[in-house]
file query_20.pdb (PDB, C-alpha atoms)
ATOM      1  CA  MET U   1       5.854 -10.751 -25.413
ATOM      2  CA  GLN U   2       6.338 -14.074 -23.636
ATOM      3  CA  LEU U   3       4.153 -15.324 -20.804
ATOM      4  CA  HIS U   4       6.746 -14.603 -18.128
ATOM      5  CA  ASP U   5       6.805 -10.979 -19.317
ATOM      6  CA  VAL U   6       3.010 -10.886 -19.146
ATOM      7  CA  TRP U   7       3.061 -12.166 -15.593
ATOM      8  CA  PHE U   8       5.664  -9.629 -14.569
ATOM      9  CA  VAL U   9       3.241  -6.944 -15.801
ATOM     10  CA  LEU U  10       0.286  -8.593 -14.040
ATOM     11  CA  ILE U  11       2.176  -8.803 -10.745
ATOM     12  CA  ALA U  12       3.134  -5.147 -11.131
ATOM     13  CA  VAL U  13      -0.555  -4.318 -11.639
ATOM     14  CA  LEU U  14      -1.480  -6.261  -8.501
ATOM     15  CA  TRP U  15       1.082  -4.365  -6.420
ATOM     16  CA  ILE U  16      -0.070  -1.078  -7.925
ATOM     17  CA  GLY U  17      -3.671  -1.919  -7.037
ATOM     18  CA  TYR U  18      -2.652  -2.914  -3.519
ATOM     19  CA  PHE U  19      -0.733   0.292  -2.858
ATOM     20  CA  PHE U  20      -3.508   2.427  -4.382
ATOM     21  CA  LEU U  21      -6.184   0.877  -2.156
ATOM     22  CA  GLU U  22      -4.229  -0.005   0.944
ATOM     23  CA  GLY U  23      -2.421   3.329   0.645
ATOM     24  CA  PHE U  24      -5.404   5.393   1.776
ATOM     25  CA  ASP U  25      -6.292   2.534   4.128
ATOM     26  CA  PHE U  26      -2.936   2.893   5.903
ATOM     27  CA  GLY U  27      -3.244   6.669   5.691
ATOM     28  CA  ILE U  28      -6.550   6.672   7.548
ATOM     29  CA  GLY U  29      -5.062   4.489  10.274
ATOM     30  CA  ILE U  30      -2.115   6.860  10.656
ATOM     31  CA  LEU U  31      -4.419   9.902  10.756
ATOM     32  CA  THR U  32      -6.429   8.576  13.695
ATOM     33  CA  LYS U  33      -3.855  10.321  15.905
ATOM     34  CA  PRO U  34      -2.932  13.659  14.265
ATOM     35  CA  LEU U  35      -6.268  14.390  12.549
ATOM     36  CA  ALA U  36      -9.043  13.052  14.776
ATOM     37  CA  ARG U  37     -10.095  14.994  17.865
ATOM     38  CA  GLY U  38     -11.818  12.711  20.298
ATOM     39  CA  THR U  39     -13.347   9.261  20.148
ATOM     40  CA  ALA U  40     -16.200  10.216  17.826
ATOM     41  CA  GLU U  41     -13.888  11.542  15.110
ATOM     42  CA  ARG U  42     -11.565   8.566  15.391
ATOM     43  CA  ARG U  43     -14.582   6.373  14.881
ATOM     44  CA  VAL U  44     -15.616   8.420  11.848
ATOM     45  CA  LEU U  45     -12.202   7.872  10.273
ATOM     46  CA  ILE U  46     -12.246   4.165  11.006
ATOM     47  CA  ASN U  47     -15.760   3.894   9.594
ATOM     48  CA  THR U  48     -14.661   5.431   6.280
ATOM     49  CA  ILE U  49     -12.631   2.290   5.589
ATOM     50  CA  GLY U  50     -14.699  -0.125   7.675
ATOM     51  CA  PRO U  51     -16.512  -1.796   4.753
ATOM     52  CA  VAL U  52     -13.462  -2.022   2.476
ATOM     53  CA  TRP U  53     -10.193  -2.464   4.403
ATOM     54  CA  ASP U  54     -10.285  -6.268   4.327
ATOM     55  CA  GLY U  55     -11.087  -6.311   0.605
ATOM     56  CA  ASN U  56      -8.104  -4.045  -0.036
ATOM     57  CA  GLU U  57      -5.784  -6.593   1.553
ATOM     58  CA  VAL U  58      -6.924  -9.261  -0.922
ATOM     59  CA  TRP U  59      -4.688  -7.541  -3.483
ATOM     60  CA  LEU U  60      -1.667  -8.315  -1.306
ATOM     61  CA  LEU U  61      -2.620 -11.982  -0.985
ATOM     62  CA  THR U  62      -3.137 -12.211  -4.734
ATOM     63  CA  ALA U  63       0.173 -10.486  -5.486
ATOM     64  CA  GLY U  64       2.027 -12.831  -3.138
ATOM     65  CA  GLY U  65       0.284 -15.906  -4.520
ATOM     66  CA  ALA U  66       0.903 -14.864  -8.115
ATOM     67  CA  THR U  67       4.589 -14.296  -7.381
ATOM     68  CA  PHE U  68       4.855 -17.718  -5.749
ATOM     69  CA  ALA U  69       3.244 -19.450  -8.734
ATOM     70  CA  ALA U  70       4.710 -17.428 -11.611
ATOM     71  CA  PHE U  71       8.202 -16.713 -10.243
ATOM     72  CA  PRO U  72       9.022 -19.247  -7.506
ATOM     73  CA  ASP U  73      12.721 -18.326  -7.374
ATOM     74  CA  TRP U  74      11.836 -14.659  -6.938
ATOM     75  CA  TYR U  75       9.388 -15.562  -4.174
ATOM     76  CA  ALA U  76      11.889 -17.827  -2.401
ATOM     77  CA  THR U  77      14.754 -15.332  -2.503
ATOM     78  CA  LEU U  78      12.528 -12.401  -1.556
ATOM     79  CA  PHE U  79      10.816 -14.041   1.403
ATOM     80  CA  SER U  80      13.989 -15.617   2.760
ATOM     81  CA  GLY U  81      16.172 -12.529   2.348
ATOM     82  CA  PHE U  82      13.518 -10.075   3.520
ATOM     83  CA  TYR U  83      12.214 -12.415   6.204
ATOM     84  CA  ILE U  84      12.381  -9.994   9.157
ATOM     85  CA  PRO U  85      10.714  -6.942   7.550
ATOM     86  CA  LEU U  86       8.073  -9.076   5.853
ATOM     87  CA  LEU U  87       7.367 -10.892   9.125
ATOM     88  CA  ILE U  88       6.952  -7.528  10.872
ATOM     89  CA  ILE U  89       4.530  -6.438   8.146
ATOM     90  CA  LEU U  90       2.580  -9.689   8.457
ATOM     91  CA  VAL U  91       2.271  -9.368  12.238
ATOM     92  CA  CYS U  92       1.154  -5.754  11.855
ATOM     93  CA  LEU U  93      -1.532  -6.705   9.325
ATOM     94  CA  ILE U  94      -2.821  -9.450  11.627
ATOM     95  CA  VAL U  95      -2.944  -7.181  14.674
ATOM     96  CA  ARG U  96      -4.493  -4.413  12.575
ATOM     97  CA  GLY U  97      -7.323  -6.648  11.426
ATOM     98  CA  VAL U  98      -7.971  -7.809  14.977
ATOM     99  CA  ALA U  99      -7.935  -4.181  16.166
ATOM    100  CA  PHE U 100     -10.616  -3.180  13.665
ATOM    101  CA  GLU U 101     -12.858  -6.040  14.734
ATOM    102  CA  TYR U 102     -12.248  -6.028  18.500
ATOM    103  CA  ARG U 103     -12.201  -2.288  19.141
ATOM    104  CA  ALA U 104     -16.007  -2.237  19.057
ATOM    105  CA  LYS U 105     -16.545  -5.282  21.267
ATOM    106  CA  ARG U 106     -16.489  -3.343  24.540
ATOM    107  CA  SER U 107     -17.527   0.172  25.519
ATOM    108  CA  ASP U 108     -14.654   0.561  27.967
ATOM    109  CA  ALA U 109     -12.631   3.683  27.030
ATOM    110  CA  ARG U 110      -9.269   2.098  27.844
ATOM    111  CA  TRP U 111     -10.093  -0.960  25.733
ATOM    112  CA  GLN U 112     -10.948   1.186  22.727
ATOM    113  CA  ARG U 113      -7.950   3.474  23.228
ATOM    114  CA  ASN U 114      -5.540   0.508  23.234
ATOM    115  CA  TRP U 115      -6.982  -0.874  20.001
ATOM    116  CA  GLU U 116      -6.875   2.589  18.409
ATOM    117  CA  GLU U 117      -3.208   2.793  19.383
ATOM    118  CA  ALA U 118      -2.692  -0.563  17.681
ATOM    119  CA  ILE U 119      -4.439   0.675  14.522
ATOM    120  CA  PHE U 120      -2.106   3.680  14.372
ATOM    121  CA  TRP U 121       1.154   1.750  14.745
ATOM    122  CA  THR U 122       0.130  -1.206  12.573
ATOM    123  CA  SER U 123      -0.727   1.255   9.799
ATOM    124  CA  LEU U 124       2.429   3.348  10.141
ATOM    125  CA  ILE U 125       4.976   0.521  10.324
ATOM    126  CA  PRO U 126       3.881  -1.370   7.150
ATOM    127  CA  ALA U 127       3.517   1.921   5.260
ATOM    128  CA  PHE U 128       7.189   2.569   5.975
ATOM    129  CA  LEU U 129       8.510  -0.974   5.534
ATOM    130  CA  TRP U 130       6.861  -1.528   2.142
ATOM    131  CA  GLY U 131       8.828   1.407   0.806
ATOM    132  CA  VAL U 132      12.042   0.046   2.291
ATOM    133  CA  ALA U 133      11.428  -3.375   0.750
ATOM    134  CA  PHE U 134      10.634  -2.148  -2.758
ATOM    135  CA  ALA U 135      13.504   0.317  -2.750
ATOM    136  CA  ASP U 136      15.867  -2.542  -1.882
ATOM    137  CA  ILE U 137      14.416  -4.690  -4.659
ATOM    138  CA  VAL U 138      15.026  -1.976  -7.256
ATOM    139  CA  ARG U 139      18.460  -1.034  -5.902
ATOM    140  CA  GLY U 140      19.600  -4.658  -5.718
ATOM    141  CA  VAL U 141      20.689  -6.866  -2.851
ATOM    142  CA  ASP U 142      23.431  -9.407  -2.150
ATOM    143  CA  ILE U 143      22.383 -12.498  -4.133
ATOM    144  CA  ASP U 144      24.881 -15.264  -4.816
ATOM    145  CA  ALA U 145      25.210 -17.668  -7.732
ATOM    146  CA  HIS U 146      22.692 -20.049  -6.131
ATOM    147  CA  LYS U 147      19.962 -17.390  -6.019
ATOM    148  CA  ASN U 148      20.299 -17.040  -2.248
ATOM    149  CA  TYR U 149      20.288 -13.757  -0.357
ATOM    150  CA  VAL U 150      23.574 -13.600   1.559
ATOM    151  CA  GLY U 151      23.292 -10.114   3.023
ATOM    152  CA  THR U 152      22.114  -9.064   6.471
ATOM    153  CA  PHE U 153      19.004  -7.380   7.819
ATOM    154  CA  TRP U 154      20.965  -4.197   8.499
ATOM    155  CA  GLY U 155      22.140  -4.153   4.895
ATOM    156  CA  LEU U 156      18.519  -3.580   3.875
ATOM    157  CA  LEU U 157      18.435  -0.348   5.889
ATOM    158  CA  ASN U 158      20.599   1.705   3.544
ATOM    159  CA  PRO U 159      19.951   5.421   2.853
ATOM    160  CA  TYR U 160      18.143   4.793  -0.439
ATOM    161  CA  ALA U 161      15.817   2.215   1.118
ATOM    162  CA  LEU U 162      15.105   4.386   4.167
ATOM    163  CA  LEU U 163      14.211   7.271   1.860
ATOM    164  CA  GLY U 164      11.889   4.907  -0.001
ATOM    165  CA  GLY U 165      10.209   4.081   3.297
ATOM    166  CA  LEU U 166       9.702   7.757   4.098
ATOM    167  CA  VAL U 167       8.229   8.314   0.641
ATOM    168  CA  THR U 168       5.618   5.552   0.970
ATOM    169  CA  LEU U 169       4.826   6.633   4.533
ATOM    170  CA  SER U 170       4.237  10.265   3.558
ATOM    171  CA  LEU U 171       2.511   9.407   0.268
ATOM    172  CA  PHE U 172       0.081   6.996   1.916
ATOM    173  CA  THR U 173      -0.652   9.527   4.656
ATOM    174  CA  PHE U 174      -1.357  12.167   2.008
ATOM    175  CA  HIS U 175      -3.563   9.719   0.096
ATOM    176  CA  GLY U 176      -5.417   8.943   3.327
ATOM    177  CA  ALA U 177      -5.935  12.620   4.154
ATOM    178  CA  VAL U 178      -7.395  13.236   0.696
ATOM    179  CA  PHE U 179      -9.654  10.197   1.132
ATOM    180  CA  ALA U 180     -10.754  11.471   4.564
ATOM    181  CA  ALA U 181     -11.702  14.823   3.019
ATOM    182  CA  LEU U 182     -13.629  12.990   0.310
ATOM    183  CA  LYS U 183     -15.529  10.742   2.714
ATOM    184  CA  THR U 184     -16.363  13.027   5.655
ATOM    185  CA  VAL U 185     -18.409  16.134   6.440
ATOM    186  CA  GLY U 186     -18.021  18.921   8.947
ATOM    187  CA  GLU U 187     -14.918  20.132  10.726
ATOM    188  CA  ILE U 188     -12.982  16.917  10.217
ATOM    189  CA  ARG U 189     -13.348  17.356   6.450
ATOM    190  CA  ASP U 190     -11.834  20.841   6.603
ATOM    191  CA  ARG U 191      -8.965  19.694   8.798
ATOM    192  CA  ALA U 192      -8.332  16.739   6.475
ATOM    193  CA  ARG U 193      -7.856  19.139   3.557
ATOM    194  CA  THR U 194      -5.420  21.215   5.593
ATOM    195  CA  MET U 195      -3.571  18.082   6.684
ATOM    196  CA  ALA U 196      -3.402  16.885   3.075
ATOM    197  CA  LEU U 197      -1.802  20.179   2.021
ATOM    198  CA  ARG U 198       0.877  19.976   4.715
ATOM    199  CA  VAL U 199       1.677  16.301   4.254
ATOM    200  CA  GLY U 200       1.529  16.678   0.469
ATOM    201  CA  ALA U 201       4.192  19.381   0.500
ATOM    202  CA  VAL U 202       6.557  17.098   2.441
ATOM    203  CA  THR U 203       5.683  14.191   0.174
ATOM    204  CA  ALA U 204       6.491  16.216  -2.938
ATOM    205  CA  VAL U 205      10.026  16.922  -1.747
ATOM    206  CA  LEU U 206      10.747  13.359  -0.595
ATOM    207  CA  ALA U 207       9.184  11.741  -3.664
ATOM    208  CA  LEU U 208      11.021  13.975  -6.111
ATOM    209  CA  VAL U 209      14.398  13.170  -4.537
ATOM    210  CA  PHE U 210      13.657   9.443  -4.409
ATOM    211  CA  LEU U 211      12.296   9.154  -7.948
ATOM    212  CA  VAL U 212      15.154  11.172  -9.446
ATOM    213  CA  TRP U 213      17.623   9.007  -7.495
ATOM    214  CA  THR U 214      15.896   5.885  -8.844
ATOM    215  CA  GLN U 215      15.977   7.198 -12.398
ATOM    216  CA  GLY U 216      19.675   8.006 -12.119
ATOM    217  CA  HIS U 217      20.520   4.608 -10.630
ATOM    218  CA  SER U 218      18.535   2.196 -12.799
ATOM    219  CA  GLY U 219      16.074   4.168 -14.897
ATOM    220  CA  ASN U 220      15.317   4.125 -18.616
ATOM    221  CA  GLY U 221      13.090   5.988 -21.038
ATOM    222  CA  ARG U 222       9.906   4.243 -19.879
ATOM    223  CA  SER U 223      10.580   4.902 -16.209
ATOM    224  CA  LEU U 224      11.321   8.550 -16.993
ATOM    225  CA  VAL U 225       7.823   8.928 -18.471
ATOM    226  CA  ALA U 226       6.338   7.395 -15.322
ATOM    227  CA  LEU U 227       8.416   9.770 -13.181
ATOM    228  CA  VAL U 228       7.033  12.791 -15.024
ATOM    229  CA  VAL U 229       3.480  11.490 -14.694
ATOM    230  CA  ALA U 230       3.950  10.925 -10.951
ATOM    231  CA  VAL U 231       5.279  14.443 -10.397
ATOM    232  CA  LEU U 232       2.491  16.067 -12.440
ATOM    233  CA  ALA U 233      -0.182  13.960 -10.721
ATOM    234  CA  LEU U 234       1.086  14.909  -7.263
ATOM    235  CA  ALA U 235       1.142  18.583  -8.203
ATOM    236  CA  GLY U 236      -2.393  18.249  -9.575
ATOM    237  CA  ALA U 237      -3.565  16.515  -6.400
ATOM    238  CA  LEU U 238      -2.213  19.348  -4.263
ATOM    239  CA  ALA U 239      -3.896  21.934  -6.485
ATOM    240  CA  ALA U 240      -7.227  20.091  -6.506
ATOM    241  CA  ASN U 241      -7.117  19.706  -2.734
ATOM    242  CA  GLN U 242      -6.461  23.439  -2.337
ATOM    243  CA  LEU U 243      -9.479  24.194  -4.553
ATOM    244  CA  GLY U 244     -11.710  21.842  -2.554
ATOM    245  CA  ARG U 245     -12.123  19.386  -5.440
ATOM    246  CA  GLU U 246     -11.769  16.296  -3.270
ATOM    247  CA  GLY U 247     -12.791  13.819  -5.951
ATOM    248  CA  TRP U 248     -10.108  15.016  -8.344
ATOM    249  CA  ALA U 249      -7.589  15.254  -5.525
ATOM    250  CA  PHE U 250      -8.193  11.596  -4.667
ATOM    251  CA  ILE U 251      -7.974  10.483  -8.292
ATOM    252  CA  LEU U 252      -4.708  12.360  -8.753
ATOM    253  CA  SER U 253      -3.171  11.203  -5.460
ATOM    254  CA  GLY U 254      -4.022   7.679  -6.551
ATOM    255  CA  ALA U 255      -2.483   8.374  -9.961
ATOM    256  CA  THR U 256       0.689   9.480  -8.161
ATOM    257  CA  ILE U 257       0.915   6.102  -6.439
ATOM    258  CA  VAL U 258       0.156   4.256  -9.671
ATOM    259  CA  ALA U 259       2.825   6.129 -11.627
ATOM    260  CA  ALA U 260       5.445   5.924  -8.859
ATOM    261  CA  VAL U 261       5.059   2.175  -8.372
ATOM    262  CA  ALA U 262       4.927   1.638 -12.134
ATOM    263  CA  MET U 263       8.208   3.535 -12.393
ATOM    264  CA  LEU U 264       9.859   1.146  -9.941
ATOM    265  CA  PHE U 265       8.760  -1.890 -11.955
ATOM    266  CA  LEU U 266       9.763  -0.258 -15.240
ATOM    267  CA  ALA U 267      13.192   0.513 -13.815
ATOM    268  CA  LEU U 268      13.458  -3.059 -12.514
ATOM    269  CA  PHE U 269      12.507  -4.943 -15.715
ATOM    270  CA  PRO U 270      13.782  -7.392 -16.962
ATOM    271  CA  ASN U 271      15.224  -8.107 -13.523
ATOM    272  CA  VAL U 272      13.020  -9.099 -10.623
ATOM    273  CA  MET U 273      15.813  -8.946  -8.023
ATOM    274  CA  PRO U 274      19.159  -7.537  -9.159
ATOM    275  CA  SER U 275      22.312  -8.862  -7.514
ATOM    276  CA  THR U 276      24.820  -6.332  -6.210
ATOM    277  CA  LEU U 277      27.526  -9.018  -6.158
ATOM    278  CA  ASN U 278      27.452  -9.983  -9.816
ATOM    279  CA  ASP U 279      25.078  -8.898 -12.587
ATOM    280  CA  GLY U 280      25.059 -12.454 -13.887
ATOM    281  CA  TRP U 281      23.580 -13.660 -10.603
ATOM    282  CA  SER U 282      20.550 -11.368 -10.811
ATOM    283  CA  LEU U 283      17.092 -12.920 -10.867
ATOM    284  CA  THR U 284      15.269 -12.063 -14.095
ATOM    285  CA  VAL U 285      11.856 -12.728 -15.559
ATOM    286  CA  GLY U 286      13.486 -15.515 -17.551
ATOM    287  CA  ASN U 287      15.546 -17.435 -15.000
ATOM    288  CA  ALA U 288      13.100 -17.022 -12.075
ATOM    289  CA  ALA U 289       9.893 -18.013 -13.893
ATOM    290  CA  SER U 290       7.797 -21.153 -13.687
ATOM    291  CA  SER U 291       7.293 -23.485 -16.627
ATOM    292  CA  PRO U 292       5.335 -22.247 -19.675
ATOM    293  CA  TYR U 293       2.533 -24.730 -18.875
ATOM    294  CA  THR U 294       2.121 -23.300 -15.358
ATOM    295  CA  LEU U 295       2.039 -19.753 -16.681
ATOM    296  CA  LYS U 296      -0.488 -20.692 -19.363
ATOM    297  CA  LEU U 297      -2.815 -22.300 -16.819
ATOM    298  CA  MET U 298      -2.493 -19.285 -14.511
ATOM    299  CA  THR U 299      -3.347 -16.949 -17.377
ATOM    300  CA  ILE U 300      -6.583 -18.820 -18.110
ATOM    301  CA  VAL U 301      -7.664 -18.772 -14.453
ATOM    302  CA  ALA U 302      -6.791 -15.079 -14.085
ATOM    303  CA  ALA U 303      -8.740 -14.177 -17.240
ATOM    304  CA  VAL U 304     -11.872 -15.815 -15.812
ATOM    305  CA  PHE U 305     -11.855 -14.696 -12.183
ATOM    306  CA  THR U 306     -10.134 -11.289 -12.190
ATOM    307  CA  PRO U 307     -13.069  -9.404 -13.809
ATOM    308  CA  LEU U 308     -15.460 -10.937 -11.257
ATOM    309  CA  VAL U 309     -13.320  -9.779  -8.328
ATOM    310  CA  LEU U 310     -13.005  -6.278  -9.793
ATOM    311  CA  LEU U 311     -16.769  -6.023 -10.329
ATOM    312  CA  TYR U 312     -17.508  -7.127  -6.776
ATOM    313  CA  GLN U 313     -15.008  -4.754  -5.203
ATOM    314  CA  GLY U 314     -16.210  -1.874  -7.362
ATOM    315  CA  TRP U 315     -19.784  -2.601  -6.282
ATOM    316  CA  THR U 316     -18.695  -2.501  -2.627
ATOM    317  CA  TYR U 317     -17.222   0.969  -3.028
ATOM    318  CA  TRP U 318     -20.369   2.134  -4.803
ATOM    319  CA  VAL U 319     -22.655   0.907  -2.016
ATOM    320  CA  PHE U 320     -20.578   2.644   0.687
ATOM    321  CA  ARG U 321     -19.904   5.831  -1.296
ATOM    322  CA  LYS U 322     -21.670   8.357   0.990
ATOM    323  CA  ARG U 323     -19.908  10.777   3.314
ATOM    324  CA  ILE U 324     -20.128  10.396   7.078
ATOM    325  CA  GLY U 325     -19.541  12.663  10.067
ATOM    326  CA  VAL U 326     -19.801  12.729  13.826
ATOM    327  CA  GLN U 327     -23.561  13.297  13.505
ATOM    328  CA  HIS U 328     -23.852   9.771  12.130
ATOM    329  CA  ILE U 329     -22.270   8.273  15.246
ATOM    330  CA  PRO U 330     -24.973   7.067  17.674
ATOM    331  CA  GLY U 331     -24.660   9.222  20.790
ATOM    332  CA  HIS U 332     -25.455   6.434  23.181
ATOM    333  CA  ASP U 333     -23.417   3.725  21.499
ATOM    334  CA  PRO U 334     -19.766   4.432  22.208
ATOM    335  CA  ALA U 335     -18.643   1.053  20.939
ATOM    336  CA  GLY U 336     -20.662   0.347  17.821
ATOM    337  CA  ALA U 337     -19.425  -1.579  14.860
ATOM    338  CA  LEU U 338     -17.309  -0.708  11.888
ATOM    339  CA  ASP U 339     -20.137  -1.212   9.437
ATOM    340  CA  GLN U 340     -22.888   0.658  11.271
ATOM    341  CA  ALA U 341     -21.975   4.190  10.226
TER     342      ALA U 341
END

call {"tool": "encode", "arguments": {"input": "query_20.pdb", "output": "structure tokens"}}
result
Amino acid sequence: MQLHDVWFVLIAVLWIGYFFLEGFDFGIGILTKPLARGTAERRVLINTIGPVWDGNEVWLLTAGGATFAAFPDWYATLFSGFYIPLLIILVCLIVRGVAFEYRAKRSDARWQRNWEEAIFWTSLIPAFLWGVAFADIVRGVDIDAHKNYVGTFWGLLNPYALLGGLVTLSLFTFHGAVFAALKTVGEIRDRARTMALRVGAVTAVLALVFLVWTQGHSGNGRSLVALVVAVLALAGALAANQLGREGWAFILSGATIVAAVAMLFLALFPNVMPSTLNDGWSLTVGNAASSPYTLKLMTIVAAVFTPLVLLYQGWTYWVFRKRIGVQHIPGHDPAGALDQA
């Protein structure tokens, strides 16, 4: 295996890690409307991700930076061709971070309600658009002989890509509901389990159609294995949730995301962005990669610092592992801070 193949795998791992972690992060933000009843419960949900949401987004920054350094042509074509959806995602992530921090700065009900509204929409929109973007990458887009995207924004909104967006939206919401059941106590925990069952049933139908479509369009033997794992993991997550085994349900919902995203990368390889105009114009791990020296240097740096980052983030989750409920919300502190509960 050559270094550019190794870095394709590493970038896939980074995206898998991002969707696993940010998946329940987005899901919690989306559930602040349909699941929470009242300000106290919305605050409970927000507090479940309060200590970790910003750390989860580091995976996105690392994935983007690694793509820029390891596959500059892939990065250039992707970010120029997908400029509008990626810009929308970026704006949402900025506003979302501000909403988490500023919601607690004033006790005014209208102030908090506006920021909670922002948290909901800036969680829902990226959850949908990430699915659209990755579905388009796997399906292929209009790339010319000069590695330039020559399609339009509306060309990205094809039926396959829109289905991909619905799959990530529903899957992240399901993942978030399972996480909410794992991290809360009381009535909100029970409602989270019920919500997970309902959303999970919809997710199962959408995901099965999308993954089978993907396998039929560009799949191979490896992606078929990942498809089977994703389906079995989702079924197991639903069963574990029904039995009240929230820990297993979360592990299996996460495994569903891992297997589904892995399937997309397995179906994509050795391409990184297929061209729908001419197969010879597709970007591959070979023609889009940086020099061997650059990849070698990146590999050394990654080998040193990646374990340290994983240890620190794992320690963070361990410290904030306890469940919370409305009884942990100070009754006379309607604003509070994300990290106080």

call {"tool": "closest_residue", "arguments": {"input": "query_20.pdb", "among": "U:Ala288, U:Leu208, U:Ile324, U:Leu163", "to": "His146 (chain U)", "atoms": "only C-alpha atoms"}}
result
U:Ala288

call {"tool": "closest_residue", "arguments": {"input": "query_20.pdb", "among": "U:Trp15, U:Ala196, U:Ile143, U:Tyr83", "to": "Thr67 (chain U)", "atoms": "all atoms listed in the file"}}
result
U:Trp15

call {"tool": "resolve_selection", "arguments": {"input": "query_20.pdb", "expression": "the PyMOL selection byres ((chain U and resi 277) around 12)", "output": "list in words"}}
result
Gly140, Val141, Asp142, Ile143, Asp144, Ala145, Lys147, Asn148, Tyr149, Val150, Gly151, Met273, Pro274, Ser275, Thr276, Asn278, Asp279, Gly280, Trp281 and Ser282 of chain U

call {"tool": "closest_residue", "arguments": {"input": "query_20.pdb", "among": "U:Gly55, U:Leu182, U:Leu31, U:Phe71", "to": "Ser291 (chain U)", "atoms": "all atoms listed in the file"}}
result
U:Phe71

call {"tool": "closest_residue", "arguments": {"input": "query_20.pdb", "among": "U:Leu169, U:Leu90, U:Val319, U:Ala192", "to": "Ala127 (chain U)", "atoms": "all atoms listed in the file"}}
result
U:Leu169

call {"tool": "atom_distance", "arguments": {"input": "query_20.pdb", "atom1": "CA of Ala233 (chain U)", "atom2": "CA of Gly314 (chain U)"}}
result
22.8 Å

call {"tool": "residues_near_point", "arguments": {"input": "query_20.pdb", "point": "(11.4, 14.0, 0.6)", "cutoff": "12 Å", "atoms": "all atoms listed in the file", "output": "JSON, numbers by chain"}}
result
{"U": [160, 162, 163, 164, 165, 166, 167, 168, 169, 170, 171, 199, 200, 201, 202, 203, 204, 205, 206, 207, 208, 209, 210, 211, 212, 213]}

call {"tool": "closest_residue", "arguments": {"input": "query_20.pdb", "among": "U:Leu157, U:Leu197, U:Met263, U:Val9", "to": "Ala240 (chain U)", "atoms": "all atoms listed in the file"}}
result
U:Leu197

call {"tool": "atom_distance", "arguments": {"input": "query_20.pdb", "atom1": "CA of Met195 (chain U)", "atom2": "CA of Arg103 (chain U)"}}
result
25.4 Å

call {"tool": "closest_residue", "arguments": {"input": "query_20.pdb", "among": "U:Arg222, U:Asp5, U:Ala12, U:Arg113", "to": "Arg43 (chain U)", "atoms": "only C-alpha atoms"}}
result
U:Arg113

call {"tool": "resolve_selection", "arguments": {"input": "query_20.pdb", "expression": "the PyMOL selection byres ((chain U and resi 73) around 8)", "output": "list in words"}}
result
Phe71, Pro72, Trp74, Tyr75, Ala76, Thr77, Lys147, Leu283, Ala288 and Ala289 of chain U
